[in-house]
>>> print(open('coords18.txt').read())   # compact mmCIF, C-alpha atoms and all ligand atoms
# COMPACT_ATOMS: atom_id res chain seq x y z
CA MET A 61 100.21 126.97 76.56
CA LEU A 62 102.92 129.62 76.95
CA PRO A 63 100.72 132.67 76.18
CA SER A 64 97.93 131.43 78.48
CA GLY A 65 100.33 130.67 81.37
CA GLY A 66 99.34 126.98 81.57
CA ILE A 67 102.92 125.84 80.99
CA TRP A 68 103.75 126.21 84.71
CA ALA A 69 101.03 123.82 85.79
CA TYR A 70 101.98 121.40 82.99
CA SER A 71 105.70 121.43 83.83
CA TRP A 72 104.89 121.09 87.51
CA SER A 73 102.71 118.06 86.72
CA GLN A 74 105.48 116.49 84.62
CA ALA A 75 108.08 117.00 87.35
CA VAL A 76 105.80 115.59 90.05
CA GLY A 77 104.95 112.68 87.69
CA TRP A 78 108.63 111.71 87.63
CA VAL A 79 108.95 112.02 91.40
CA ALA A 80 105.83 109.83 91.75
CA LEU A 81 107.31 107.20 89.46
CA ALA A 82 110.62 107.16 91.36
CA TRP A 83 108.68 107.00 94.65
CA CYS A 84 106.60 104.10 93.30
CA TRP A 85 109.81 102.24 92.41
CA MET A 86 111.25 102.80 95.88
CA THR A 87 107.97 101.85 97.61
CA LEU A 88 107.83 98.64 95.61
CA LEU A 89 111.41 97.69 96.51
CA LEU A 90 110.86 98.52 100.19
CA GLY A 91 107.67 96.41 100.18
CA ILE A 92 109.28 93.47 98.48
CA SER A 93 112.19 93.51 100.92
CA LEU A 94 109.77 92.90 103.83
CA PRO A 95 109.20 89.16 103.33
CA LEU A 96 112.90 88.75 102.49
CA LEU A 97 113.92 90.46 105.76
CA ALA A 98 111.44 88.32 107.67
CA ARG A 99 112.99 85.24 106.14
CA LEU A 100 116.46 86.45 107.21
CA ARG A 101 114.99 86.97 110.74
CA GLN A 102 115.95 90.67 110.73
CA SER A 103 112.86 91.61 112.73
CA ARG A 104 114.13 95.03 113.95
CA LEU A 105 115.20 96.11 110.48
CA ARG A 106 111.98 94.69 109.05
CA GLY A 107 109.92 96.79 111.48
CA MET A 108 111.80 99.93 110.41
CA VAL A 109 111.46 99.16 106.70
CA GLU A 110 107.76 98.40 107.12
CA HIS A 111 107.22 101.77 108.77
CA LEU A 112 109.13 103.46 105.95
CA HIS A 113 107.13 101.51 103.35
CA ARG A 114 103.83 102.66 104.85
CA CYS A 115 105.05 106.28 104.85
CA THR A 116 106.29 106.16 101.23
CA SER A 117 103.02 104.49 100.13
CA LEU A 118 100.90 107.31 101.54
CA THR A 119 103.25 109.95 100.09
CA LEU A 120 103.06 108.15 96.75
CA ILE A 121 99.27 108.52 96.65
CA ALA A 122 99.64 112.25 97.41
CA LEU A 123 102.25 112.67 94.64
CA MET A 124 100.04 110.84 92.12
CA LEU A 125 97.15 113.13 93.00
CA VAL A 126 99.23 116.31 92.69
CA HIS A 127 100.58 115.13 89.30
CA ALA A 128 97.03 114.55 88.00
CA VAL A 129 95.22 117.50 89.57
CA ALA A 130 97.88 120.04 88.47
CA LEU A 131 96.72 119.37 84.90
CA VAL A 132 93.44 121.13 85.65
CA TRP A 133 95.40 124.44 85.55
CA ASP A 134 97.39 123.74 82.36
CA THR A 135 94.81 125.44 80.11
CA MET A 136 94.50 122.35 77.89
CA GLY A 137 90.82 122.24 78.78
CA ASP A 138 90.68 119.19 81.08
CA GLY A 139 88.65 119.64 84.26
CA LEU A 140 88.82 117.56 87.44
CA ALA A 141 86.53 114.84 86.02
CA ALA A 142 88.78 114.42 82.96
CA VAL A 143 91.86 113.79 85.09
CA LEU A 144 90.13 111.50 87.57
CA VAL A 145 87.71 109.53 85.38
CA PRO A 146 89.13 107.26 82.66
CA TRP A 147 88.28 108.13 79.05
CA MET A 148 87.03 111.64 79.85
CA THR A 149 89.93 113.70 78.51
CA ALA A 150 89.16 115.84 75.47
CA TYR A 151 92.52 114.86 73.95
CA LEU A 152 91.55 111.69 72.07
CA PRO A 153 95.04 110.09 71.65
CA GLY A 154 95.53 110.57 75.41
CA ARG A 155 92.47 108.60 76.49
CA PHE A 156 94.13 105.20 76.80
CA PRO A 157 97.47 106.31 78.36
CA GLN A 158 95.67 108.62 80.76
CA ALA A 159 93.28 105.82 81.77
CA LEU A 160 96.32 103.65 82.65
CA GLY A 161 97.55 106.36 85.05
CA ILE A 162 94.12 106.85 86.58
CA VAL A 163 93.66 103.11 87.24
CA SER A 164 97.17 102.96 88.76
CA LEU A 165 96.20 105.78 91.14
CA TYR A 166 92.96 104.02 92.16
CA MET A 167 94.76 100.72 92.73
CA ALA A 168 97.25 102.50 95.03
CA VAL A 169 94.35 104.07 96.96
CA LEU A 170 92.69 100.64 97.21
CA LEU A 171 95.88 99.17 98.72
CA GLY A 172 95.99 102.01 101.24
CA VAL A 173 92.32 101.80 102.23
CA THR A 174 92.33 98.00 102.58
CA PHE A 175 95.35 98.24 104.90
CA TYR A 176 93.39 100.40 107.35
CA ILE A 177 90.31 98.11 107.25
CA ARG A 178 92.37 94.90 107.25
CA ARG A 179 90.84 93.67 110.50
CA ARG A 180 87.38 93.89 108.97
CA ILE A 181 88.26 92.22 105.67
CA GLY A 182 90.75 89.74 107.13
CA SER A 183 94.52 89.69 106.70
CA SER A 184 94.38 86.95 104.05
CA LEU A 185 92.20 89.03 101.75
CA TRP A 186 94.34 92.11 102.45
CA GLY A 187 97.48 90.13 101.66
CA MET A 188 96.00 88.81 98.43
CA LEU A 189 94.85 92.28 97.33
CA HIS A 190 98.28 93.66 98.16
CA ARG A 191 100.15 90.94 96.35
CA TYR A 192 98.15 91.20 93.12
CA GLY A 193 97.41 94.93 93.35
CA VAL A 194 101.04 95.99 93.67
CA PRO A 195 102.19 94.78 90.23
CA ALA A 196 99.10 96.49 88.76
CA VAL A 197 99.97 99.85 90.37
CA TYR A 198 103.54 99.67 89.19
CA VAL A 199 103.14 98.21 85.70
CA LEU A 200 100.29 100.60 84.86
CA ALA A 201 102.34 103.61 86.06
CA VAL A 202 105.36 102.61 83.94
CA TRP A 203 103.19 101.80 80.92
CA HIS A 204 101.40 105.15 81.28
CA THR A 205 104.76 106.95 81.35
CA LEU A 206 106.15 105.10 78.32
CA LEU A 207 103.04 105.86 76.27
CA TYR A 208 102.32 109.40 77.43
CA GLY A 209 105.51 111.11 78.54
CA SER A 210 106.72 113.78 76.13
CA ASP A 211 110.19 113.71 77.73
CA ILE A 212 110.58 110.00 77.06
CA LYS A 213 110.27 109.66 73.33
CA ASP A 214 111.84 106.71 71.47
CA GLY A 215 115.65 106.86 71.59
CA SER A 216 115.82 109.33 74.50
CA ALA A 217 118.32 108.69 77.31
CA LEU A 218 115.49 108.89 79.85
CA ARG A 219 113.70 106.00 78.14
CA SER A 220 116.84 103.84 78.42
CA VAL A 221 117.20 104.80 82.09
CA LEU A 222 113.58 103.83 82.70
CA TRP A 223 114.21 100.37 81.24
CA ILE A 224 117.50 99.92 83.15
CA VAL A 225 115.92 100.67 86.53
CA GLN A 226 113.47 97.82 85.95
CA ILE A 227 116.32 95.32 86.39
CA PRO A 228 116.32 95.45 90.23
CA VAL A 229 112.51 95.25 90.22
CA VAL A 230 112.50 92.10 88.08
CA GLY A 231 115.34 90.66 90.23
CA ALA A 232 113.42 91.38 93.45
CA PHE A 233 110.24 89.79 92.07
CA LEU A 234 112.15 86.69 90.97
CA ALA A 235 113.72 86.46 94.45
CA ARG A 236 110.24 86.79 95.97
CA VAL A 237 108.80 84.05 93.73
CA TRP A 238 111.77 81.81 94.48
CA MET A 239 111.29 82.41 98.21
CA SER A 240 107.57 81.61 97.99
CA SER A 241 108.26 78.35 96.24
CA HIS A 242 110.73 77.38 98.98
CA THR A 243 108.64 78.43 101.99
CA ARG A 244 104.98 78.78 102.85
CA SER A 245 103.35 82.05 101.79
CA HIS A 246 104.48 84.88 104.05
CA LEU A 247 102.06 87.69 103.32
CA ALA A 248 98.80 85.86 103.77
CA PRO A 249 99.32 82.83 105.98
CA PRO A 250 95.98 82.10 107.67
CA GLY A 251 96.53 82.23 111.39
CA ARG A 252 100.34 82.17 111.38
CA PRO A 253 102.04 84.69 113.67
CA MET A 254 104.20 87.09 111.65
CA GLY A 255 106.52 88.74 114.16
CA ARG A 256 106.47 92.52 113.90
CA SER A 257 104.18 92.62 110.85
CA SER A 258 101.43 95.17 111.35
CA ILE A 259 98.87 93.30 109.33
CA HIS A 260 98.04 91.26 112.44
CA ARG A 261 97.98 94.30 114.72
C1 LIG B 301 99.05 103.01 101.95
C2 LIG B 301 99.36 101.98 101.21
C3 LIG B 301 100.17 100.79 101.69
C4 LIG B 301 100.36 100.26 102.93
C5 LIG B 301 99.77 100.74 104.24
C6 LIG B 301 101.24 99.13 102.79
C7 LIG B 301 101.68 98.29 103.82
C8 LIG B 301 102.37 97.12 103.64
C9 LIG B 301 102.70 96.18 104.68
C10 LIG B 301 102.34 96.35 106.14
C11 LIG B 301 103.36 95.16 104.10
C12 LIG B 301 103.95 93.95 104.81
C13 LIG B 301 102.99 92.82 104.85
C14 LIG B 301 103.63 91.73 105.67
O1 LIG B 301 104.44 90.99 105.14
O2 LIG B 301 103.38 91.70 106.84
C15 LIG B 301 103.47 95.42 102.69
C16 LIG B 301 104.05 94.58 101.77
C17 LIG B 301 104.32 94.95 100.46
N1 LIG B 301 103.98 96.14 99.86
FE1 LIG B 301 102.81 97.58 100.64
N2 LIG B 301 101.60 99.01 101.47
C18 LIG B 301 100.97 100.01 100.77
C19 LIG B 301 101.07 100.27 99.42
C20 LIG B 301 101.98 99.67 98.57
C21 LIG B 301 102.29 100.10 97.22
C22 LIG B 301 101.66 101.33 96.54
C23 LIG B 301 103.23 99.24 96.73
C24 LIG B 301 103.93 99.20 95.40
C25 LIG B 301 103.99 100.16 94.53
C26 LIG B 301 103.48 98.25 97.76
C27 LIG B 301 104.36 97.18 97.65
C28 LIG B 301 104.47 96.15 98.57
C29 LIG B 301 105.15 94.90 98.32
C30 LIG B 301 105.83 94.49 97.01
C31 LIG B 301 105.04 94.14 99.50
C32 LIG B 301 105.58 92.72 99.73
C33 LIG B 301 104.50 91.76 99.29
C34 LIG B 301 105.02 90.35 99.28
O3 LIG B 301 105.10 89.71 100.33
O4 LIG B 301 105.34 89.86 98.20
N3 LIG B 301 102.72 98.55 98.86
N4 LIG B 301 102.86 96.63 102.43
C1 LIG B 302 94.97 110.35 87.60
C2 LIG B 302 96.04 109.81 87.08
C3 LIG B 302 96.96 110.43 86.05
C4 LIG B 302 96.76 111.40 85.10
C5 LIG B 302 95.48 112.16 84.81
C6 LIG B 302 98.01 111.60 84.41
C7 LIG B 302 98.22 112.47 83.36
C8 LIG B 302 99.39 112.60 82.64
C9 LIG B 302 99.58 113.37 81.44
C10 LIG B 302 98.50 114.22 80.77
C11 LIG B 302 100.87 113.21 81.04
C12 LIG B 302 101.51 113.79 79.78
C13 LIG B 302 102.46 114.89 80.14
C14 LIG B 302 103.49 115.03 79.05
O1 LIG B 302 103.14 115.43 77.94
O2 LIG B 302 104.65 114.73 79.27
C15 LIG B 302 101.52 112.35 81.99
C16 LIG B 302 102.85 112.00 81.95
C17 LIG B 302 103.50 111.33 82.97
N1 LIG B 302 102.90 110.72 84.05
FE1 LIG B 302 100.94 110.74 84.50
N2 LIG B 302 98.95 110.77 84.98
C18 LIG B 302 98.35 110.03 85.97
C19 LIG B 302 98.94 109.08 86.76
C20 LIG B 302 100.29 108.86 86.84
C21 LIG B 302 100.94 107.97 87.76
C22 LIG B 302 100.19 107.09 88.74
C23 LIG B 302 102.29 108.10 87.55
C24 LIG B 302 103.43 107.45 88.25
C25 LIG B 302 103.40 106.92 89.45
C26 LIG B 302 102.48 109.05 86.49
C27 LIG B 302 103.71 109.45 86.00
C28 LIG B 302 103.89 110.19 84.83
C29 LIG B 302 105.17 110.48 84.25
C30 LIG B 302 106.53 110.08 84.81
C31 LIG B 302 104.94 111.19 83.06
C32 LIG B 302 105.99 111.70 82.06
C33 LIG B 302 106.20 113.19 82.23
C34 LIG B 302 107.19 113.74 81.20
O3 LIG B 302 107.18 113.35 80.05
O4 LIG B 302 108.02 114.57 81.57
N3 LIG B 302 101.25 109.48 86.07
N4 LIG B 302 100.60 111.98 82.95
>>> encode(input="coords18.txt", output="structure tokens", more="lines below")
Ligand code: HEM
Ligand code: HEM
Amino acid sequence: MLPSGGIWAYSWSQAVGWVALAWCWMTLLLGISLPLLARLRQSRLRGMVEHLHRCTSLTLIALMLVHAVALVWDTMGDGLAAVLVPWMTAYLPGRFPQALGIVSLYMAVLLGVTFYIRRRIGSSLWGMLHRYGVPAVYVLAVWHTLLYGSDIKDGSALRSVLWIVQIPVVGAFLARVWMSSHTRSHLAPPGRPMGRSSIHR
């Protein structure tokens, strides 16, 4: 890639890929703190965190797109279709890992779109899509990175860091599951007022 100049686009894509993954991690933790804050009756803080969560979610989608689309200029031969349609890349060993990233991107877009049409589809359906879509976005993004990243080979420090930062995510999910089993569902309670939550606005 060096002689053809494609290395810049490739390195740019790799760097933005890491920012996207870190952003996804943060967005997930911000999202998961929302029901916990509601439970603690921190409605002002919850409103602020919800606003932040919506901003980081939209930025996340933009980062994912930049990471993928930059590859069109890396002179490896992949066009726009190959980076946006699963199984289209010319690089055969990359088909599965790339498809994981592409599906993660589409799931994130689906979460975003359904938020803005939540009144039409109903807050229960939105809540359900959000609850089950979120782990898909995140797990697919991490899986994609583990399989495809050239900076994260077996035994690298970055790989260990990636595993270590999953500890707060697992902890937050366990706290969420514990909370659900001790209270009624928070995200999709049919007809229950939810304070400052924007899904009923
Ligand atoms: C543009 C896209 C998105 C918007 C507008 C959005 C908005 C929201 C809102 C308003 C809530 C609070 C629901 C409530 O309790 O009232 C929420 C919850 C949540 N969001 Fe998002 N979100 C988006 C994308 C994402 C993404 C990409 C992730 C993860 C990577 C995520 C993770 C979460 C989590 C974990 C919760 C808590 C769900 C639960 O109760 O267990 N969200 N989101
Ligand atoms: C349309 C979707 C996607 C495409 C086409 C795509 C493509 C690629 C490719 C070709 C690589 C290999 C680069 C290398 O050799 O290191 C890669 C690595 C990577 N991707 Fe993606 N990806 C997509 C989605 C995502 C998403 C959603 C995330 C995270 C939120 C992500 C994060 C990463 C990271 C962190 C790496 C490792 C970069 C490195 O090794 O330095 N990708 N991706």
>>> residues_around(input="coords18.txt", residues="Leu144 (chain A)", least_positions_apart="2", cutoff="8 Å", atoms="only C-alpha atoms", output="PDB file with C-alpha atoms, in the frame of the given file")
ATOM      1  CA  ALA A 128      97.030 114.550  88.000  1.00  0.00           C
ATOM      2  CA  LEU A 140      88.820 117.560  87.440  1.00  0.00           C
ATOM      3  CA  ALA A 141      86.530 114.840  86.020  1.00  0.00           C
ATOM      4  CA  ALA A 142      88.780 114.420  82.960  1.00  0.00           C
ATOM      5  CA  PRO A 146      89.130 107.260  82.660  1.00  0.00           C
ATOM      6  CA  ILE A 162      94.120 106.850  86.580  1.00  0.00           C
TER       7      ILE A 162
END
>>> residues_around(input="coords18.txt", residues="Val197 (chain A)", least_positions_apart="5", cutoff="10 Å", atoms="all atoms listed in the file", output="JSON, numbers by chain")
{"A": [84, 88, 160, 161, 162, 163, 164, 165, 166, 167, 168, 169, 171, 192, 202]}
>>> closest_residue(input="coords18.txt", among="A:Val173, A:Leu62, A:Ala201, A:Leu189", to="ligand LIG 302 (chain B)", atoms="all atoms listed in the file")
A:Ala201
>>> atom_distance(input="coords18.txt", atom1="CA of Leu120 (chain A)", atom2="CA of Thr205 (chain A)")
15.5 Å
>>> residues_near_ligand(input="coords18.txt", ligand="ligand LIG 301 (chain B)", cutoff="6 Å", atoms="all atoms listed in the file", output="VMD selection string")
chain A and resid 84 87 to 88 91 to 92 94 to 95 110 114 117 to 118 168 171 to 172 175 191 194 197 to 198 247 257 to 259
>>> write_last_selection(input="coords18.txt", atoms="C-alpha atoms", output="PDB file, in the coordinates of the input")
ATOM      1  CA  CYS A  84     106.600 104.100  93.300  1.00  0.00           C
ATOM      2  CA  THR A  87     107.970 101.850  97.610  1.00  0.00           C
ATOM      3  CA  LEU A  88     107.830  98.640  95.610  1.00  0.00           C
ATOM      4  CA  GLY A  91     107.670  96.410 100.180  1.00  0.00           C
ATOM      5  CA  ILE A  92     109.280  93.470  98.480  1.00  0.00           C
ATOM      6  CA  LEU A  94     109.770  92.900 103.830  1.00  0.00           C
ATOM      7  CA  PRO A  95     109.200  89.160 103.330  1.00  0.00           C
ATOM      8  CA  GLU A 110     107.760  98.400 107.120  1.00  0.00           C
ATOM      9  CA  ARG A 114     103.830 102.660 104.850  1.00  0.00           C
ATOM     10  CA  SER A 117     103.020 104.490 100.130  1.00  0.00           C
ATOM     11  CA  LEU A 118     100.900 107.310 101.540  1.00  0.00           C
ATOM     12  CA  ALA A 168      97.250 102.500  95.030  1.00  0.00           C
ATOM     13  CA  LEU A 171      95.880  99.170  98.720  1.00  0.00           C
ATOM     14  CA  GLY A 172      95.990 102.010 101.240  1.00  0.00           C
ATOM     15  CA  PHE A 175      95.350  98.240 104.900  1.00  0.00           C
ATOM     16  CA  ARG A 191     100.150  90.940  96.350  1.00  0.00           C
ATOM     17  CA  VAL A 194     101.040  95.990  93.670  1.00  0.00           C
ATOM     18  CA  VAL A 197      99.970  99.850  90.370  1.00  0.00           C
ATOM     19  CA  TYR A 198     103.540  99.670  89.190  1.00  0.00           C
ATOM     20  CA  LEU A 247     102.060  87.690 103.320  1.00  0.00           C
ATOM     21  CA  SER A 257     104.180  92.620 110.850  1.00  0.00           C
ATOM     22  CA  SER A 258     101.430  95.170 111.350  1.00  0.00           C
ATOM     23  CA  ILE A 259      98.870  93.300 109.330  1.00  0.00           C
TER      24      ILE A 259
END
>>> closest_residue(input="coords18.txt", among="A:Leu90, A:Ala159, A:Leu97, A:Val143", to="His204 (chain A)", atoms="only C-alpha atoms")
A:Ala159
>>> closest_residue(input="coords18.txt", among="A:Ile227, A:Met188, A:Ala150, A:Leu96", to="Ser240 (chain A)", atoms="all atoms listed in the file")
A:Leu96
>>> atom_distance(input="coords18.txt", atom1="CA of Ala80 (chain A)", atom2="CA of Leu234 (chain A)")
24.0 Å
>>> closest_residue(input="coords18.txt", among="A:Ser93, A:Gly65, A:Trp85, A:Ser184", to="Ala235 (chain A)", atoms="only C-alpha atoms")
A:Ser93
>>> closest_residue(input="coords18.txt", among="A:Ser103, A:Thr149, A:Ser210, A:Ser64", to="ligand LIG 302 (chain B)", atoms="all atoms listed in the file")
A:Ser210
>>> closest_residue(input="coords18.txt", among="A:Gly107, A:Gly154, A:Gly187, A:Pro195", to="ligand LIG 302 (chain B)", atoms="only C-alpha atoms and all ligand atoms")
A:Gly154
>>> atom_distance(input="coords18.txt", atom1="CA of Ala75 (chain A)", atom2="CA of Gln158 (chain A)")
16.4 Å
>>> residues_around(input="coords18.txt", residues="Leu131 (chain A)", least_positions_apart="2", cutoff="12 Å", atoms="only C-alpha atoms", output="NGL selection string")
:A and (61 or 66-77 or 124-129 or 133-144 or 149 or 158)
>>> residues_around(input="coords18.txt", residues="Leu206 (chain A)", least_positions_apart="4", cutoff="12 Å", atoms="only C-alpha atoms", output="JSON, numbers by chain")
{"A": [78, 81, 157, 158, 160, 161, 199, 200, 201, 202, 210, 211, 212, 213, 214, 215, 216, 218, 219, 220, 221, 222, 223]}
